[in-house]
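Asker: As input, take final.cif (mmCIF, N, CA and C atoms):
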```
data_protein
loop_
_atom_site.group_PDB
_atom_site.id
_atom_site.type_symbol
_atom_site.label_atom_id
_atom_site.label_comp_id
_atom_site.auth_asym_id
_atom_site.auth_seq_id
_atom_site.Cartn_x
_atom_site.Cartn_y
_atom_site.Cartn_z
ATOM 1 N N GLU O 18 5.946 118.475 -205.662
ATOM 2 C CA GLU O 18 5.875 119.043 -206.992
ATOM 3 C C GLU O 18 4.510 119.686 -207.246
ATOM 4 N N LEU O 19 3.410 118.997 -206.858
ATOM 5 C CA LEU O 19 2.074 119.555 -207.084
ATOM 6 C C LEU O 19 1.847 120.807 -206.246
ATOM 7 N N ARG O 20 2.339 120.775 -205.023
ATOM 8 C CA ARG O 20 2.179 121.947 -204.155
ATOM 9 C C ARG O 20 2.943 123.148 -204.732
ATOM 10 N N GLN O 21 4.159 122.920 -205.181
ATOM 11 C CA GLN O 21 4.954 124.002 -205.768
ATOM 12 C C GLN O 21 4.266 124.533 -207.025
ATOM 13 N N ARG O 22 3.743 123.632 -207.821
ATOM 14 C CA ARG O 22 3.028 124.038 -209.039
ATOM 15 C C ARG O 22 1.805 124.877 -208.681
ATOM 16 N N PHE O 23 1.094 124.463 -207.620
ATOM 17 C CA PHE O 23 -0.082 125.201 -207.164
ATOM 18 C C PHE O 23 0.308 126.611 -206.740
ATOM 19 N N GLU O 24 1.432 126.731 -206.055
ATOM 20 C CA GLU O 24 1.858 128.024 -205.529
ATOM 21 C C GLU O 24 2.405 128.957 -206.608
ATOM 22 N N THR O 25 2.945 128.416 -207.682
ATOM 23 C CA THR O 25 3.617 129.260 -208.671
ATOM 24 C C THR O 25 2.867 129.416 -209.992
ATOM 25 N N ASN O 26 1.911 128.556 -210.284
ATOM 26 C CA ASN O 26 1.232 128.571 -211.574
ATOM 27 C C ASN O 26 -0.230 128.958 -211.379
ATOM 28 N N THR O 27 -0.568 130.174 -211.739
ATOM 29 C CA THR O 27 -1.924 130.689 -211.536
ATOM 30 C C THR O 27 -2.968 129.859 -212.276
ATOM 31 N N GLY O 28 -2.685 129.472 -213.513
ATOM 32 C CA GLY O 28 -3.641 128.669 -214.281
ATOM 33 C C GLY O 28 -3.916 127.329 -213.623
ATOM 34 N N TRP O 29 -2.861 126.680 -213.144
ATOM 35 C CA TRP O 29 -3.019 125.398 -212.451
ATOM 36 C C TRP O 29 -3.811 125.591 -211.155
ATOM 37 N N ARG O 30 -3.507 126.648 -210.424
ATOM 38 C CA ARG O 30 -4.196 126.932 -209.163
ATOM 39 C C ARG O 30 -5.693 127.108 -209.397
ATOM 40 N N GLU O 31 -6.058 127.839 -210.434
ATOM 41 C CA GLU O 31 -7.480 128.053 -210.731
ATOM 42 C C GLU O 31 -8.161 126.749 -211.172
ATOM 43 N N LEU O 32 -7.451 125.945 -211.949
ATOM 44 C CA LEU O 32 -7.986 124.656 -212.370
ATOM 45 C C LEU O 32 -8.210 123.746 -211.165
ATOM 46 N N VAL O 33 -7.255 123.698 -210.266
ATOM 47 C CA VAL O 33 -7.382 122.879 -209.058
ATOM 48 C C VAL O 33 -8.558 123.353 -208.216
ATOM 49 N N ARG O 34 -8.688 124.649 -208.062
ATOM 50 C CA ARG O 34 -9.806 125.181 -207.267
ATOM 51 C C ARG O 34 -11.153 124.831 -207.890
ATOM 52 N N ALA O 35 -11.240 124.919 -209.210
ATOM 53 C CA ALA O 35 -12.509 124.676 -209.893
ATOM 54 C C ALA O 35 -12.848 123.200 -210.019
ATOM 55 N N GLU O 36 -11.862 122.380 -210.339
ATOM 56 C CA GLU O 36 -12.151 120.977 -210.676
ATOM 57 C C GLU O 36 -11.753 119.963 -209.607
ATOM 58 N N TRP O 37 -11.110 120.425 -208.553
ATOM 59 C CA TRP O 37 -10.745 119.503 -207.475
ATOM 60 C C TRP O 37 -11.352 119.990 -206.163
ATOM 61 N N MET O 38 -11.067 121.220 -205.802
ATOM 62 C CA MET O 38 -11.519 121.719 -204.514
ATOM 63 C C MET O 38 -13.023 121.967 -204.465
ATOM 64 N N GLN O 39 -13.579 122.558 -205.517
ATOM 65 C CA GLN O 39 -15.010 122.865 -205.530
ATOM 66 C C GLN O 39 -15.863 121.596 -205.472
ATOM 67 N N PRO O 40 -15.596 120.571 -206.302
ATOM 68 C CA PRO O 40 -16.394 119.345 -206.172
ATOM 69 C C PRO O 40 -16.178 118.642 -204.833
ATOM 70 N N THR O 41 -14.969 118.723 -204.292
ATOM 71 C CA THR O 41 -14.704 118.109 -202.985
ATOM 72 C C THR O 41 -15.536 118.788 -201.909
ATOM 73 N N GLU O 42 -15.580 120.111 -201.913
ATOM 74 C CA GLU O 42 -16.405 120.843 -200.939
ATOM 75 C C GLU O 42 -17.878 120.492 -201.089
ATOM 76 N N GLN O 43 -18.330 120.380 -202.324
ATOM 77 C CA GLN O 43 -19.729 120.024 -202.572
ATOM 78 C C GLN O 43 -20.031 118.635 -202.019
ATOM 79 N N LEU O 44 -19.125 117.681 -202.229
ATOM 80 C CA LEU O 44 -19.321 116.325 -201.710
ATOM 81 C C LEU O 44 -19.347 116.311 -200.188
ATOM 82 N N ILE O 45 -18.450 117.054 -199.569
ATOM 83 C CA ILE O 45 -18.418 117.112 -198.107
ATOM 84 C C ILE O 45 -19.733 117.664 -197.580
ATOM 85 N N GLN O 46 -20.223 118.741 -198.180
ATOM 86 C CA GLN O 46 -21.490 119.324 -197.733
ATOM 87 C C GLN O 46 -22.653 118.355 -197.932
ATOM 88 N N ASN O 47 -22.691 117.657 -199.055
ATOM 89 C CA ASN O 47 -23.757 116.683 -199.298
ATOM 90 C C ASN O 47 -23.723 115.570 -198.255
ATOM 91 N N MET O 48 -22.525 115.121 -197.894
ATOM 92 C CA MET O 48 -22.414 114.038 -196.923
ATOM 93 C C MET O 48 -22.745 114.516 -195.510
ATOM 94 N N ILE O 49 -22.366 115.733 -195.166
ATOM 95 C CA ILE O 49 -22.690 116.287 -193.847
ATOM 96 C C ILE O 49 -24.200 116.400 -193.680
ATOM 97 N N THR O 50 -24.888 116.798 -194.736
ATOM 98 C CA THR O 50 -26.341 116.977 -194.662
ATOM 99 C C THR O 50 -27.102 115.714 -195.056
ATOM 100 N N ASN O 51 -26.389 114.605 -195.226
ATOM 101 C CA ASN O 51 -26.996 113.318 -195.580
ATOM 102 C C ASN O 51 -27.754 113.350 -196.895
ATOM 103 N N GLU O 52 -27.280 114.129 -197.839
ATOM 104 C CA GLU O 52 -27.911 114.190 -199.152
ATOM 105 C C GLU O 52 -27.253 113.178 -200.082
ATOM 106 N N TYR O 53 -27.459 111.896 -199.775
ATOM 107 C CA TYR O 53 -26.911 110.828 -200.613
ATOM 108 C C TYR O 53 -27.892 110.582 -201.747
ATOM 109 N N SER O 54 -27.684 111.279 -202.806
ATOM 110 C CA SER O 54 -28.621 111.196 -203.911
ATOM 111 C C SER O 54 -27.870 111.347 -205.214
ATOM 112 N N ASP O 55 -28.621 111.600 -206.262
ATOM 113 C CA ASP O 55 -28.013 111.847 -207.567
ATOM 114 C C ASP O 55 -27.117 113.083 -207.543
ATOM 115 N N GLU O 56 -27.274 113.919 -206.509
ATOM 116 C CA GLU O 56 -26.440 115.113 -206.418
ATOM 117 C C GLU O 56 -24.976 114.772 -206.167
ATOM 118 N N LEU O 57 -24.684 113.556 -205.785
ATOM 119 C CA LEU O 57 -23.299 113.146 -205.574
ATOM 120 C C LEU O 57 -22.609 112.773 -206.877
ATOM 121 N N GLU O 58 -23.367 112.335 -207.861
ATOM 122 C CA GLU O 58 -22.746 111.822 -209.078
ATOM 123 C C GLU O 58 -21.956 112.880 -209.839
ATOM 124 N N ALA O 59 -22.516 114.049 -210.045
ATOM 125 C CA ALA O 59 -21.826 115.073 -210.842
ATOM 126 C C ALA O 59 -20.495 115.495 -210.217
ATOM 127 N N PRO O 60 -20.451 115.851 -208.909
ATOM 128 C CA PRO O 60 -19.151 116.230 -208.352
ATOM 129 C C PRO O 60 -18.160 115.064 -208.279
ATOM 130 N N LEU O 61 -18.650 113.851 -208.048
ATOM 131 C CA LEU O 61 -17.756 112.693 -208.050
ATOM 132 C C LEU O 61 -17.133 112.483 -209.415
ATOM 133 N N ARG O 62 -17.916 112.606 -210.447
ATOM 134 C CA ARG O 62 -17.388 112.442 -211.814
ATOM 135 C C ARG O 62 -16.391 113.562 -212.157
ATOM 136 N N ARG O 63 -16.703 114.788 -211.762
ATOM 137 C CA ARG O 63 -15.764 115.895 -212.017
ATOM 138 C C ARG O 63 -14.428 115.638 -211.335
ATOM 139 N N LEU O 64 -14.497 115.213 -210.089
ATOM 140 C CA LEU O 64 -13.284 114.946 -209.328
ATOM 141 C C LEU O 64 -12.509 113.778 -209.922
ATOM 142 N N SER O 65 -13.201 112.714 -210.263
ATOM 143 C CA SER O 65 -12.560 111.547 -210.869
ATOM 144 C C SER O 65 -11.910 111.916 -212.200
ATOM 145 N N ASN O 66 -12.632 112.646 -213.037
ATOM 146 C CA ASN O 66 -12.083 113.060 -214.333
ATOM 147 C C ASN O 66 -10.836 113.926 -214.162
ATOM 148 N N PHE O 67 -10.882 114.866 -213.218
ATOM 149 C CA PHE O 67 -9.726 115.708 -212.957
ATOM 150 C C PHE O 67 -8.530 114.853 -212.549
ATOM 151 N N GLN O 68 -8.760 113.917 -211.646
ATOM 152 C CA GLN O 68 -7.658 113.096 -211.157
ATOM 153 C C GLN O 68 -7.060 112.229 -212.269
ATOM 154 N N PHE O 69 -7.893 111.614 -213.074
ATOM 155 C CA PHE O 69 -7.361 110.798 -214.173
ATOM 156 C C PHE O 69 -6.617 111.662 -215.190
ATOM 157 N N GLU O 70 -7.151 112.841 -215.487
ATOM 158 C CA GLU O 70 -6.539 113.692 -216.508
ATOM 159 C C GLU O 70 -5.246 114.353 -216.019
ATOM 160 N N HIS O 71 -5.245 114.843 -214.781
ATOM 161 C CA HIS O 71 -4.119 115.647 -214.317
ATOM 162 C C HIS O 71 -3.214 114.960 -213.300
ATOM 163 N N LEU O 72 -3.690 113.871 -212.707
ATOM 164 C CA LEU O 72 -2.891 113.145 -211.715
ATOM 165 C C LEU O 72 -2.767 111.675 -212.102
ATOM 166 N N GLY O 73 -2.959 111.395 -213.364
ATOM 167 C CA GLY O 73 -2.971 110.021 -213.851
ATOM 168 C C GLY O 73 -1.722 109.230 -213.531
ATOM 169 N N GLN O 74 -0.585 109.908 -213.399
ATOM 170 C CA GLN O 74 0.650 109.200 -213.083
ATOM 171 C C GLN O 74 0.618 108.606 -211.678
ATOM 172 N N LEU O 75 -0.296 109.050 -210.839
ATOM 173 C CA LEU O 75 -0.421 108.529 -209.479
ATOM 174 C C LEU O 75 -1.390 107.351 -209.397
ATOM 175 N N ILE O 76 -2.072 107.064 -210.490
ATOM 176 C CA ILE O 76 -3.068 105.993 -210.530
ATOM 177 C C ILE O 76 -2.465 104.807 -211.267
ATOM 178 N N PRO O 77 -2.458 103.626 -210.635
ATOM 179 C CA PRO O 77 -1.896 102.443 -211.315
ATOM 180 C C PRO O 77 -2.547 102.223 -212.682
ATOM 181 N N GLY O 78 -1.722 101.847 -213.641
ATOM 182 C CA GLY O 78 -2.148 101.723 -215.030
ATOM 183 C C GLY O 78 -3.368 100.865 -215.272
ATOM 184 N N GLN O 79 -3.496 99.766 -214.541
ATOM 185 C CA GLN O 79 -4.615 98.859 -214.806
ATOM 186 C C GLN O 79 -5.971 99.487 -214.501
ATOM 187 N N PHE O 80 -5.992 100.606 -213.762
ATOM 188 C CA PHE O 80 -7.258 101.243 -213.431
ATOM 189 C C PHE O 80 -7.673 102.311 -214.436
ATOM 190 N N HIS O 81 -6.782 102.686 -215.331
ATOM 191 C CA HIS O 81 -7.115 103.705 -216.327
ATOM 192 C C HIS O 81 -8.212 103.236 -217.281
ATOM 193 N N GLN O 82 -8.367 101.945 -217.436
ATOM 194 C CA GLN O 82 -9.414 101.430 -218.320
ATOM 195 C C GLN O 82 -10.809 101.735 -217.786
ATOM 196 N N PHE O 83 -10.921 102.101 -216.528
ATOM 197 C CA PHE O 83 -12.223 102.361 -215.925
ATOM 198 C C PHE O 83 -12.602 103.832 -215.871
ATOM 199 N N LYS O 84 -11.784 104.717 -216.414
ATOM 200 C CA LYS O 84 -12.035 106.144 -216.219
ATOM 201 C C LYS O 84 -13.287 106.664 -216.904
ATOM 202 N N ASN O 85 -13.799 105.972 -217.895
ATOM 203 C CA ASN O 85 -14.998 106.452 -218.594
ATOM 204 C C ASN O 85 -16.206 105.547 -218.397
ATOM 205 N N GLU O 86 -16.193 104.761 -217.344
ATOM 206 C CA GLU O 86 -17.336 103.876 -217.086
ATOM 207 C C GLU O 86 -18.580 104.697 -216.751
ATOM 208 N N SER O 87 -19.722 104.248 -217.227
ATOM 209 C CA SER O 87 -20.948 104.995 -216.968
ATOM 210 C C SER O 87 -21.613 104.607 -215.654
ATOM 211 N N SER O 88 -21.388 103.376 -215.177
ATOM 212 C CA SER O 88 -22.090 102.934 -213.975
ATOM 213 C C SER O 88 -21.320 103.197 -212.686
ATOM 214 N N PHE O 89 -20.028 103.577 -212.786
ATOM 215 C CA PHE O 89 -19.248 103.874 -211.593
ATOM 216 C C PHE O 89 -18.078 104.779 -211.944
ATOM 217 N N CYS O 90 -17.451 105.336 -210.905
ATOM 218 C CA CYS O 90 -16.225 106.106 -211.106
ATOM 219 C C CYS O 90 -15.264 105.803 -209.968
ATOM 220 N N LEU O 91 -13.999 106.075 -210.216
ATOM 221 C CA LEU O 91 -12.943 105.847 -209.235
ATOM 222 C C LEU O 91 -12.362 107.173 -208.795
ATOM 223 N N LYS O 92 -12.017 107.245 -207.509
ATOM 224 C CA LYS O 92 -11.404 108.443 -206.954
ATOM 225 C C LYS O 92 -10.127 108.052 -206.238
ATOM 226 N N LEU O 93 -9.064 108.766 -206.535
ATOM 227 C CA LEU O 93 -7.788 108.582 -205.863
ATOM 228 C C LEU O 93 -7.906 109.127 -204.446
ATOM 229 N N CYS O 94 -7.451 108.359 -203.472
ATOM 230 C CA CYS O 94 -7.522 108.770 -202.068
ATOM 231 C C CYS O 94 -6.132 108.795 -201.457
ATOM 232 N N GLY O 95 -5.987 109.552 -200.406
ATOM 233 C CA GLY O 95 -4.725 109.605 -199.682
ATOM 234 C C GLY O 95 -4.011 110.914 -199.924
ATOM 235 N N ALA O 96 -3.483 111.481 -198.871
ATOM 236 C CA ALA O 96 -2.747 112.741 -198.981
ATOM 237 C C ALA O 96 -1.533 112.543 -199.871
ATOM 238 N N GLY O 97 -1.311 113.483 -200.737
ATOM 239 C CA GLY O 97 -0.161 113.401 -201.620
ATOM 240 C C GLY O 97 -0.341 112.409 -202.738
ATOM 241 N N GLY O 98 -1.568 111.940 -202.954
ATOM 242 C CA GLY O 98 -1.850 111.032 -204.060
ATOM 243 C C GLY O 98 -1.442 109.612 -203.800
ATOM 244 N N GLY O 99 -1.481 109.202 -202.557
ATOM 245 C CA GLY O 99 -1.005 107.844 -202.368
ATOM 246 C C GLY O 99 -1.876 107.014 -201.476
ATOM 247 N N GLY O 100 -2.021 105.831 -201.861
ATOM 248 C CA GLY O 100 -2.725 104.917 -201.007
ATOM 249 C C GLY O 100 -3.622 103.997 -201.776
ATOM 250 N N PHE O 101 -4.772 104.484 -202.163
ATOM 251 C CA PHE O 101 -5.746 103.591 -202.747
ATOM 252 C C PHE O 101 -6.751 104.360 -203.588
ATOM 253 N N LEU O 102 -7.563 103.608 -204.294
ATOM 254 C CA LEU O 102 -8.675 104.176 -205.050
ATOM 255 C C LEU O 102 -9.962 103.712 -204.390
ATOM 256 N N ILE O 103 -10.954 104.563 -204.410
ATOM 257 C CA ILE O 103 -12.266 104.170 -203.941
ATOM 258 C C ILE O 103 -13.212 104.287 -205.131
ATOM 259 N N GLY O 104 -14.099 103.323 -205.255
ATOM 260 C CA GLY O 104 -15.050 103.329 -206.345
ATOM 261 C C GLY O 104 -16.439 103.667 -205.854
ATOM 262 N N TYR O 105 -17.153 104.427 -206.636
ATOM 263 C CA TYR O 105 -18.530 104.785 -206.338
ATOM 264 C C TYR O 105 -19.403 104.237 -207.452
ATOM 265 N N ALA O 106 -20.310 103.335 -207.089
ATOM 266 C CA ALA O 106 -21.210 102.734 -208.073
ATOM 267 C C ALA O 106 -22.508 103.535 -208.125
ATOM 268 N N PHE O 107 -22.889 103.936 -209.321
ATOM 269 C CA PHE O 107 -24.140 104.649 -209.511
ATOM 270 C C PHE O 107 -25.243 103.678 -209.907
ATOM 271 N N ASP O 108 -24.857 102.546 -210.450
ATOM 272 C CA ASP O 108 -25.778 101.448 -210.729
ATOM 273 C C ASP O 108 -25.060 100.164 -210.323
ATOM 274 N N ARG O 109 -25.385 99.675 -209.146
ATOM 275 C CA ARG O 109 -24.668 98.539 -208.554
ATOM 276 C C ARG O 109 -24.687 97.303 -209.444
ATOM 277 N N ASN O 110 -25.824 96.953 -209.985
ATOM 278 C CA ASN O 110 -25.919 95.732 -210.794
ATOM 279 C C ASN O 110 -25.068 95.803 -212.060
ATOM 280 N N ILE O 111 -25.135 96.922 -212.753
ATOM 281 C CA ILE O 111 -24.324 97.081 -213.962
ATOM 282 C C ILE O 111 -22.844 97.104 -213.596
ATOM 283 N N THR O 112 -22.506 97.782 -212.493
ATOM 284 C CA THR O 112 -21.115 97.832 -212.048
ATOM 285 C C THR O 112 -20.586 96.436 -211.762
ATOM 286 N N LEU O 113 -21.338 95.634 -211.025
ATOM 287 C CA LEU O 113 -20.899 94.271 -210.711
ATOM 288 C C LEU O 113 -20.716 93.447 -211.980
ATOM 289 N N GLN O 114 -21.622 93.600 -212.915
ATOM 290 C CA GLN O 114 -21.513 92.875 -214.181
ATOM 291 C C GLN O 114 -20.263 93.318 -214.951
ATOM 292 N N THR O 115 -20.007 94.611 -214.977
ATOM 293 C CA THR O 115 -18.835 95.143 -215.667
ATOM 294 C C THR O 115 -17.549 94.617 -215.043
ATOM 295 N N LEU O 116 -17.483 94.603 -213.722
ATOM 296 C CA LEU O 116 -16.257 94.202 -213.035
ATOM 297 C C LEU O 116 -15.974 92.706 -213.117
ATOM 298 N N LYS O 117 -16.985 91.898 -213.390
ATOM 299 C CA LYS O 117 -16.772 90.449 -213.531
ATOM 300 C C LYS O 117 -15.831 90.133 -214.686
ATOM 301 N N GLU O 118 -15.779 91.026 -215.657
ATOM 302 C CA GLU O 118 -14.955 90.805 -216.841
ATOM 303 C C GLU O 118 -13.467 91.006 -216.581
ATOM 304 N N TYR O 119 -13.115 91.611 -215.464
ATOM 305 C CA TYR O 119 -11.725 91.962 -215.201
ATOM 306 C C TYR O 119 -11.137 91.083 -214.109
ATOM 307 N N ASN O 120 -9.871 90.784 -214.251
ATOM 308 C CA ASN O 120 -9.164 89.984 -213.262
ATOM 309 C C ASN O 120 -8.613 90.914 -212.183
ATOM 310 N N THR O 121 -9.525 91.546 -211.457
ATOM 311 C CA THR O 121 -9.173 92.486 -210.412
ATOM 312 C C THR O 121 -9.977 92.118 -209.176
ATOM 313 N N TYR O 122 -9.395 92.308 -208.023
ATOM 314 C CA TYR O 122 -10.091 92.019 -206.776
ATOM 315 C C TYR O 122 -10.750 93.284 -206.265
ATOM 316 N N TRP O 123 -12.001 93.138 -205.850
ATOM 317 C CA TRP O 123 -12.775 94.278 -205.414
ATOM 318 C C TRP O 123 -13.361 93.996 -204.043
ATOM 319 N N LEU O 124 -13.341 94.962 -203.185
ATOM 320 C CA LEU O 124 -14.006 94.900 -201.899
ATOM 321 C C LEU O 124 -15.321 95.633 -202.073
ATOM 322 N N LEU O 125 -16.413 94.931 -201.875
ATOM 323 C CA LEU O 125 -17.729 95.513 -202.127
ATOM 324 C C LEU O 125 -18.457 95.762 -200.807
ATOM 325 N N ALA O 126 -18.977 96.955 -200.638
ATOM 326 C CA ALA O 126 -19.775 97.300 -199.457
ATOM 327 C C ALA O 126 -21.223 97.461 -199.889
ATOM 328 N N ASN O 127 -22.101 97.110 -199.001
ATOM 329 C CA ASN O 127 -23.539 97.243 -199.301
ATOM 330 C C ASN O 127 -24.015 98.647 -199.131
#
```
Now that the file is in, can you turn its structure into structure tokens?

Answerer:
Amino acid sequence: ELRQRFETNTGWRELVRAEWMQPTEQLIQNMITNEYSDELEAPLRRLSNFQFEHLGQLIPGQFHQFKNESSFCLKLCGAGGGGFLIGYAFDRNITLQTLKEYNTYWLLAN
């Protein structure tokens, strides 16, 4: 359905290019050049916001409460919108404190 919409709806195609593809390309370039810095936060947030706003039906409901968190963001992963979410913490300590309040299991990497 999303692919067909992309192919037939010019407005949707331009939105996808601007708010999904462009931040994704920026993130890939930052990671290739090892620029793990604050430059990752803006494109990650753009991508996360796009996914929650336009692909929200693919994200399990219990995760929608986290879409506006200031210390981290979630990104939908997997081709075709399926599989899992990955979280990016911009402030690890605040993120850990925030997540303690929820009855959710988290895999944390250093």

Asker: In terms of the shortest atom-to-atom distance over all atoms listed in the file, which of O:Thr50, O:Leu93, O:Leu113, O:Gln43 is closest to O:Leu75?

Answerer: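 Ranking O:Thr50, O:Leu93, O:Leu113, O:Gln43 by distance to O:Leu75, first place goes to O:Leu93.
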
Asker: Using only C-alpha atoms, determine which residues lie at most 12 Å from O:Trp29, disregarding the query and same-chain residues fewer than 5 positions distant; provide the list as a PyMOL selection string.

Answerer: chain O and resi 19-24+34-37+67+71

Asker: Expressed in Å to a single decimal, how great is the separation between atom CA of O:Asn51 and atom CA of O:Thr115?

Answerer: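 Separating atom CA of O:Asn51 from atom CA of O:Thr115 is a distance of 28.3 Å.
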
Asker: Just need the box for stretch 74-85 of chain O, edges along x, y and z, holding every atom the file lists for it with 4 Å tacked onto each side, so centre and edge lengths in Å to one decimal, as JSON.

Answerer:
```
{"center_x": -7.8, "center_y": 104.4, "center_z": -214.0, "size_x": 24.9, "size_y": 19.0, "size_z": 17.2}
```

Asker: Using all atoms listed in the file, pick whichever of O:Glu31, O:Ile49, O:Leu91, O:Gln79 has the shortest atom-to-atom distance to O:Arg62.

Answerer: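 Looking at the shortest contact to O:Arg62, the residue is O:Leu91.
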
Asker: Would you write out, as a ChimeraX atom specification, every residue that the PyMOL selection byres ((chain O and resi 103) around 8) captures in this file?

Answerer: /O:90-94,100-102,104-106

Asker: What is the distance between atom N of O:Glu56 and atom CA of O:Ser88, in Å to one decimal?

Answerer: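 So the two atoms, atom N of O:Glu56 and atom CA of O:Ser88, lie 14.3 Å apart.
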
Asker: List every residue of stretch 42-127 of chain O that DSSP, applied to the backbone of this structure, assigns to strand (DSSP E or B), and report them as a PyMOL selection string.

Answerer: chain O and resi 89-94+101-106

Asker: Could you dump the residues just selected with N, CA and C atoms as a PDB file, in the coordinates of the input?

Answerer:
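File produced: part33.pdb:
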```pdb
ATOM      1  N   PHE O  89     -20.028 103.577-212.786  1.00  0.00           N
ATOM      2  CA  PHE O  89     -19.248 103.874-211.593  1.00  0.00           C
ATOM      3  C   PHE O  89     -18.078 104.779-211.944  1.00  0.00           C
ATOM      4  N   CYS O  90     -17.451 105.336-210.905  1.00  0.00           N
ATOM      5  CA  CYS O  90     -16.225 106.106-211.106  1.00  0.00           C
ATOM      6  C   CYS O  90     -15.264 105.803-209.968  1.00  0.00           C
ATOM      7  N   LEU O  91     -13.999 106.075-210.216  1.00  0.00           N
ATOM      8  CA  LEU O  91     -12.943 105.847-209.235  1.00  0.00           C
ATOM      9  C   LEU O  91     -12.362 107.173-208.795  1.00  0.00           C
ATOM     10  N   LYS O  92     -12.017 107.245-207.509  1.00  0.00           N
ATOM     11  CA  LYS O  92     -11.404 108.443-206.954  1.00  0.00           C
ATOM     12  C   LYS O  92     -10.127 108.052-206.238  1.00  0.00           C
ATOM     13  N   LEU O  93      -9.064 108.766-206.535  1.00  0.00           N
ATOM     14  CA  LEU O  93      -7.788 108.582-205.863  1.00  0.00           C
ATOM     15  C   LEU O  93      -7.906 109.127-204.446  1.00  0.00           C
ATOM     16  N   CYS O  94      -7.451 108.359-203.472  1.00  0.00           N
ATOM     17  CA  CYS O  94      -7.522 108.770-202.068  1.00  0.00           C
ATOM     18  C   CYS O  94      -6.132 108.795-201.457  1.00  0.00           C
ATOM     19  N   PHE O 101      -4.772 104.484-202.163  1.00  0.00           N
ATOM     20  CA  PHE O 101      -5.746 103.591-202.747  1.00  0.00           C
ATOM     21  C   PHE O 101      -6.751 104.360-203.588  1.00  0.00           C
ATOM     22  N   LEU O 102      -7.563 103.608-204.294  1.00  0.00           N
ATOM     23  CA  LEU O 102      -8.675 104.176-205.050  1.00  0.00           C
ATOM     24  C   LEU O 102      -9.962 103.712-204.390  1.00  0.00           C
ATOM     25  N   ILE O 103     -10.954 104.563-204.410  1.00  0.00           N
ATOM     26  CA  ILE O 103     -12.266 104.170-203.941  1.00  0.00           C
ATOM     27  C   ILE O 103     -13.212 104.287-205.131  1.00  0.00           C
ATOM     28  N   GLY O 104     -14.099 103.323-205.255  1.00  0.00           N
ATOM     29  CA  GLY O 104     -15.050 103.329-206.345  1.00  0.00           C
ATOM     30  C   GLY O 104     -16.439 103.667-205.854  1.00  0.00           C
ATOM     31  N   TYR O 105     -17.153 104.427-206.636  1.00  0.00           N
ATOM     32  CA  TYR O 105     -18.530 104.785-206.338  1.00  0.00           C
ATOM     33  C   TYR O 105     -19.403 104.237-207.452  1.00  0.00           C
ATOM     34  N   ALA O 106     -20.310 103.335-207.089  1.00  0.00           N
ATOM     35  CA  ALA O 106     -21.210 102.734-208.073  1.00  0.00           C
ATOM     36  C   ALA O 106     -22.508 103.535-208.125  1.00  0.00           C
TER      37      ALA O 106
END
```

Asker: Could you check the closest approach to O:Gln39 for each of O:Lys84, O:Pro60, O:Asn110, O:Gly95 and tell me which residue wins, using all atoms listed in the file?

Answerer: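 Distance minimum relative to O:Gln39 lands on O:Pro60.
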
Asker: What gap, in Å, lies between atom N of O:Thr27 and atom N of O:Leu72?

Answerer: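 Interatomic distance, atom N of O:Thr27 to atom N of O:Leu72: 16.6 Å.
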
Asker: Among chain O, which residues carry a DSSP assignment of alpha helix (DSSP H), reported as a VMD selection string?

Answerer: chain O and resid 19 to 25 27 to 33 39 to 49 58 to 71 109 to 117
